[in-house]
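First the structure, in the form of structure tokens, and then the observations on it.
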Protein chains: 2
Amino acid sequence: MVGISDTLMRELGGTVPRRTEPKPLCLKVGARIRELRTERGMSLQDLAEAGALSKGHLSSIEQGLAAITIETVERIAAALGVSPFCVITFPEDDELDRIADLARKLPKGERRKLRKELEGRTTHEPPA
Amino acid sequence: MVGISDTLMRELGGTVPRRTEPKPLCLKVGARIRELRTERGMSLQDLAEAGALSKGHLSSIEQGLAAITIETVERIAAALGVSPFCVITFPEDDELDRIADLARKLPKGERRKLRKELEGRTTHEPPA
């Protein structure tokens with residue numbers, strides 16, 4: 001493969017630079033998207049269509065080879081039916097990420113109950 | 001101000017296109033970053049230095065005028081001392097976002113307790 005830098009690709013008019021070496025964060029986000037997609041039983045094609053992305057671009061993203069903007073995160077999240085933040089949540093890395101991911105899996109009623117519980121516990125906000 | 005399109009700016013070699021019209025998502029992320037920054041009593045200069053960004057770029061981001069990649073999100077999150085997902089969490093928009101933000105404000109011990117509680121509640125994962 002001929003090595004073309006991201007900068008050169010952009011200068012040549014490419015709007016979606018595809019890297020040959022994945023960056024660690026992109027790898028993690030790609031793996032996370034694949035996890036959420038398979039959790040829903042969606043194929044690459046299904047998610048690409050729902051998110052109005054090309055299948056090739058989505059595949060690059062899942063392999064950690066594409067630069068990802070927050071707009072792309074938002075679009076993929078909408079297609080998956082989750083909040084944008086869920087796409088960059090890494091339950092294995094951090095306790096707060098783990099909490100956010102466990103809360104995501106709760107049924108709606110349980111989630112509402114949890115939100116009310118937490119509003120009662122938190123004292124960092126001034127009373128209304 | 002002379003109107004230069006993002007595409008033209010990229011072609012001219014600009015790596016950080018600054019928009020003249022903010023996009024809704026960028027506005028929200030910019031406001032969120034400002035919120036987390038002021039919550040910590042950090043100035044624009046403080047956060048720019050901690051995140052190794054120029055003050056001008058950070059200011060554009062906070063105003064919703066700069067394209068934001070997930071790498072930038074990660075860098076700003078590290079400088080703020082939060083998980084990357086916290087930067088794109090919007091507590092006013094969604095119950096799950098609200099839960100994640102309330103959990104963020106809990107003391108560490110409370111957070112651990114909550115994580116254990118949730119691990120007990122969630123039944124979506126197969127037993128180990």
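Labels used: A, B, ... for chains in the order of the structure tokens, numbers from 1 for residues in each chain, and numbers from 1 for ligands as shown.
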(request) Please provide the set of residues having any atom within 9 Å of segment 100-109 of chain B, restricted to only C-alpha atoms, with same-chain residues fewer than 6 positions apart removed, written as a list in words. (result) Leu96, Asp97, Ile99, Ala100, Asp101, Ala103, Arg115, Leu118, Glu119, Arg121, Thr122, Thr123 and His124 of chain A; Val82, Cys86, Thr89, Phe90 and Pro91 of chain B
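Checking B:Ile61, B:Leu80, B:Ile70, B:Leu114 one by one against Ala31 of chain B, counting only C-alpha atoms, you find the shortest gap at B:Ile61.
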(message) To one decimal place in Å, what is the distance between atom CA of Cys26 of chain B and atom CA of Leu44 of chain A?
(response) 26.9 Å
(request) Take atom CA of Leu65 of chain A and atom CA of Leu25 of chain A and report the distance between them in Å, one decimal. (result)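 Value for the atom CA of Leu65 of chain A-atom CA of Leu25 of chain A distance: 10.4 Å.
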(message) For Gln63 of chain A, find every residue with an atom within 9 Å (counting only C-alpha atoms), except residues of its own chain fewer than 4 positions away, and show them as a list in words.
(response)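 Near Gln63 of chain A, the qualifying residues are Pro22, Cys26, Leu27, Gly30, Ala31, Leu58 and Ser59 of chain A.
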Preceding selection exported with N, CA, C and O atoms as a short mmCIF file (atom, residue, chain, number, x, y, z; two decimals), in the first residue's frame:
data_model
loop_
_atom_site.label_atom_id
_atom_site.label_comp_id
_atom_site.auth_asym_id
_atom_site.auth_seq_id
_atom_site.Cartn_x
_atom_site.Cartn_y
_atom_site.Cartn_z
N PRO A 22 -4.11 2.35 13.32
CA PRO A 22 -5.18 2.86 14.19
C PRO A 22 -4.64 3.56 15.43
O PRO A 22 -3.59 3.18 15.94
N CYS A 26 -9.32 5.60 18.87
CA CYS A 26 -10.20 5.21 17.76
C CYS A 26 -10.49 3.72 17.80
O CYS A 26 -11.59 3.27 17.48
N LEU A 27 -9.49 2.93 18.19
CA LEU A 27 -9.68 1.48 18.33
C LEU A 27 -10.75 1.19 19.38
O LEU A 27 -11.63 0.35 19.18
N GLY A 30 -14.15 2.31 18.13
CA GLY A 30 -14.59 1.36 17.10
C GLY A 30 -15.12 0.08 17.72
O GLY A 30 -16.18 -0.42 17.33
N ALA A 31 -14.40 -0.44 18.71
CA ALA A 31 -14.82 -1.68 19.38
C ALA A 31 -16.13 -1.45 20.13
O ALA A 31 -17.01 -2.32 20.16
N LEU A 58 -18.10 3.15 7.88
CA LEU A 58 -18.44 2.57 9.18
C LEU A 58 -17.47 1.45 9.53
O LEU A 58 -17.03 1.33 10.68
N SER A 59 -17.13 0.64 8.53
CA SER A 59 -16.18 -0.45 8.76
C SER A 59 -14.82 0.11 9.20
O SER A 59 -14.19 -0.41 10.14
#
(message) So, with only C-alpha atoms as the atoms that count, which of B:Arg98, B:Lys23, B:Lys28, B:Arg75 lies closest to Arg112 of chain A?
(response) B:Arg98
(request) Please provide the set of residues having any atom within 10 Å of Glu35 of chain A, restricted to only C-alpha atoms, with same-chain residues fewer than 5 positions apart removed, written as a ChimeraX atom specification. (result) /A:29-30,40-41,62,87
Restrict the selected residues to C-alpha atoms and save them as an mmCIF file, in the first residue's frame.
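So the final result, stored in again-v4.cif, reads:
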data_model
loop_
_atom_site.group_PDB
_atom_site.id
_atom_site.type_symbol
_atom_site.label_atom_id
_atom_site.label_comp_id
_atom_site.auth_asym_id
_atom_site.auth_seq_id
_atom_site.Cartn_x
_atom_site.Cartn_y
_atom_site.Cartn_z
ATOM 1 C CA VAL A 29 -14.441 3.710 20.086
ATOM 2 C CA GLY A 30 -14.591 1.359 17.100
ATOM 3 C CA ARG A 40 -28.844 -4.878 18.928
ATOM 4 C CA GLY A 41 -28.391 -7.644 16.359
ATOM 5 C CA GLU A 62 -15.099 0.045 13.749
ATOM 6 C CA VAL A 87 -20.516 5.643 22.162
#
(message) Counting only C-alpha atoms, which residue out of A:Glu21, A:Arg32, A:Lys116, A:Met42 sits closest to Glu92 of chain A?
(response) A:Arg32
